[in-house]
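Enquirer: Sharing a structure here in structure tokens format.
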Amino acid sequence: MGRPPQTLSRGWGDNITWVQTYEEGLFKAKQSNKPLMIIHHLENCKFCQELKEAFSKNEELQKLAQEDFIMLNLMHESSDKNLAPDGHYVPRIMFVDPLLRVRVDIVGRYSNRQYTYEPQDILLLLENMKKIKYLVHKEL
């Protein structure tokens, strides 16, 4: 028996509408006035798999992602160097506002890898999603 076909969600949430490329994400963020959330990950990274499991099981986070964000998960690096302000590592979650500014002010808890989250940080990620949603609404 073969594996089921891989969807754009790659296991991060099948009820979320995912964009296929960074360029499409930027376009839709600008068009919709919603922030773009970019999850950098790799299939063979155990930290990514653990975060993916926590992310996909959190109903509040899944609902917020579907309703208030343009969502993209990437298994390769983008050509935009602004998406790696402190290096290329995974998992790494970055936000881009509808004015197409990479929001380096929205960080996780680790000073050496500011944009990484671990499964136990899922509530911090949720708070950061609410924070960027609020900031975008306030600034636009």
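Chain labels run A, B, ... following the order of the structure tokens; each chain numbers its residues from 1, and ligands are numbered from 1 in the order shown.
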If you take only C-alpha atoms and a cut-off of 10 Å, which residues of segment 18-89 of chain A touch segment 119-125 of chain A, and what are their nearest atom pairs and distances in Å to one decimal, in chain and number order, as CSV?

Expert:
```
residue,atom,partner,partner_atom,distance
A:Phe47,CA,A:Pro119,CA,8.3
A:Cys48,CA,A:Pro119,CA,9.1
A:Gln49,CA,A:Pro119,CA,9.4
A:Glu50,CA,A:Pro119,CA,6.1
A:Leu51,CA,A:Pro119,CA,4.7
A:Lys52,CA,A:Pro119,CA,8.1
A:Glu53,CA,A:Pro119,CA,7.9
A:Ala54,CA,A:Pro119,CA,5.5
A:Phe55,CA,A:Ile122,CA,6.8
A:Asn58,CA,A:Ile122,CA,8.1
A:Glu60,CA,A:Leu123,CA,9.9
A:Leu61,CA,A:Leu125,CA,8.5
```

Enquirer: Pull the alpha helix (DSSP H) assignments for segment 35-74 of chain A out of DSSP run on the backbone, and list those residues as a ChimeraX atom specification.

Expert: /A:46-57,59-68

Enquirer: Taking only C-alpha atoms into account, which of A:Thr21, A:Ser9, A:Ser32, A:Thr116 comes nearest Phe69 of chain A?

Expert: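 So, comparing all the options, the nearest one is A:Ser32.
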
Enquirer: Residues at most 8 Å from Ile16 of chain A, counting only C-alpha atoms, excluding those fewer than 5 positions away in the same chain, as an mmCIF file with C-alpha atoms, in the first residue's frame?

Expert:
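Result file follows (out33.cif):
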```
data_model
loop_
_atom_site.group_PDB
_atom_site.id
_atom_site.type_symbol
_atom_site.label_atom_id
_atom_site.label_comp_id
_atom_site.auth_asym_id
_atom_site.auth_seq_id
_atom_site.Cartn_x
_atom_site.Cartn_y
_atom_site.Cartn_z
ATOM 1 C CA SER A 9 -0.266 21.091 4.472
ATOM 2 C CA GLN A 62 -5.477 25.827 13.678
ATOM 3 C CA LYS A 63 -8.604 28.027 13.646
ATOM 4 C CA ALA A 65 -4.214 30.079 11.165
ATOM 5 C CA GLN A 66 -7.117 29.295 8.829
ATOM 6 C CA MET A 71 -0.107 30.201 5.639
#
```

Enquirer: Would you kindly return, as a PyMOL selection string, each protein, DNA or RNA residue with an atom no farther than 10 Å from any atom of Asn128 of chain A, considering only C-alpha atoms and excluding same-chain residues fewer than 2 positions away?

Expert: chain A and resi 95+105-108+122-126+130-134

Enquirer: Grab the residues selected above and save them as an mmCIF file, in the first residue's frame with N, CA, C and O atoms.

Expert:
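Okay, this is what ended up in result.cif:
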```
data_model
loop_
_atom_site.group_PDB
_atom_site.id
_atom_site.type_symbol
_atom_site.label_atom_id
_atom_site.label_comp_id
_atom_site.auth_asym_id
_atom_site.auth_seq_id
_atom_site.Cartn_x
_atom_site.Cartn_y
_atom_site.Cartn_z
ATOM 1 N N PHE A 95 7.020 35.830 10.463
ATOM 2 C CA PHE A 95 5.791 36.512 10.065
ATOM 3 C C PHE A 95 6.132 37.679 9.144
ATOM 4 O O PHE A 95 7.133 38.367 9.363
ATOM 5 N N ASP A 105 10.457 41.466 14.953
ATOM 6 C CA ASP A 105 10.114 41.760 16.349
ATOM 7 C C ASP A 105 9.284 40.644 16.991
ATOM 8 O O ASP A 105 9.108 40.631 18.199
ATOM 9 N N ILE A 106 8.788 39.707 16.214
ATOM 10 C CA ILE A 106 7.972 38.619 16.764
ATOM 11 C C ILE A 106 8.875 37.388 16.916
ATOM 12 O O ILE A 106 9.180 36.705 15.945
ATOM 13 N N VAL A 107 9.308 37.140 18.150
ATOM 14 C CA VAL A 107 10.320 36.105 18.396
ATOM 15 C C VAL A 107 9.833 35.055 19.395
ATOM 16 O O VAL A 107 8.893 35.297 20.157
ATOM 17 N N GLY A 108 10.512 33.923 19.384
ATOM 18 C CA GLY A 108 10.272 32.870 20.367
ATOM 19 C C GLY A 108 11.081 33.139 21.623
ATOM 20 O O GLY A 108 11.489 34.269 21.885
ATOM 21 N N ILE A 122 4.080 26.018 22.220
ATOM 22 C CA ILE A 122 2.952 26.214 21.307
ATOM 23 C C ILE A 122 2.052 27.365 21.785
ATOM 24 O O ILE A 122 1.511 28.109 20.974
ATOM 25 N N LEU A 123 1.931 27.561 23.098
ATOM 26 C CA LEU A 123 1.108 28.668 23.605
ATOM 27 C C LEU A 123 1.783 30.016 23.340
ATOM 28 O O LEU A 123 1.108 31.009 23.073
ATOM 29 N N LEU A 124 3.123 30.045 23.383
ATOM 30 C CA LEU A 124 3.857 31.260 23.030
ATOM 31 C C LEU A 124 3.654 31.570 21.541
ATOM 32 O O LEU A 124 3.443 32.732 21.167
ATOM 33 N N LEU A 125 3.686 30.555 20.710
ATOM 34 C CA LEU A 125 3.438 30.754 19.280
ATOM 35 C C LEU A 125 2.030 31.304 19.064
ATOM 36 O O LEU A 125 1.837 32.238 18.286
ATOM 37 N N LEU A 126 1.074 30.754 19.774
ATOM 38 C CA LEU A 126 -0.310 31.235 19.688
ATOM 39 C C LEU A 126 -0.394 32.706 20.108
ATOM 40 O O LEU A 126 -1.034 33.518 19.441
ATOM 41 N N LYS A 130 -1.474 35.998 17.844
ATOM 42 C CA LYS A 130 -2.455 37.013 18.262
ATOM 43 C C LYS A 130 -1.817 38.402 18.260
ATOM 44 O O LYS A 130 -2.455 39.390 17.896
ATOM 45 N N LYS A 131 -0.541 38.471 18.656
ATOM 46 C CA LYS A 131 0.171 39.748 18.699
ATOM 47 C C LYS A 131 0.318 40.341 17.293
ATOM 48 O O LYS A 131 0.022 41.516 17.088
ATOM 49 N N ILE A 132 0.749 39.546 16.324
ATOM 50 C CA ILE A 132 0.928 40.073 14.970
ATOM 51 C C ILE A 132 -0.424 40.440 14.364
ATOM 52 O O ILE A 132 -0.545 41.445 13.671
ATOM 53 N N LYS A 133 -1.444 39.658 14.666
ATOM 54 C CA LYS A 133 -2.797 39.982 14.173
ATOM 55 C C LYS A 133 -3.226 41.345 14.716
ATOM 56 O O LYS A 133 -3.739 42.193 13.981
ATOM 57 N N TYR A 134 -2.996 41.575 16.003
ATOM 58 C CA TYR A 134 -3.340 42.848 16.643
ATOM 59 C C TYR A 134 -2.517 43.993 16.041
ATOM 60 O O TYR A 134 -3.052 45.047 15.701
#
```

Enquirer: Would you please give, as a PyMOL selection string, all residues of chain A that DSSP assigns to strand (DSSP E or B) based on the backbone?

Expert: chain A and resi 18+36-40+70-74+92-96+102
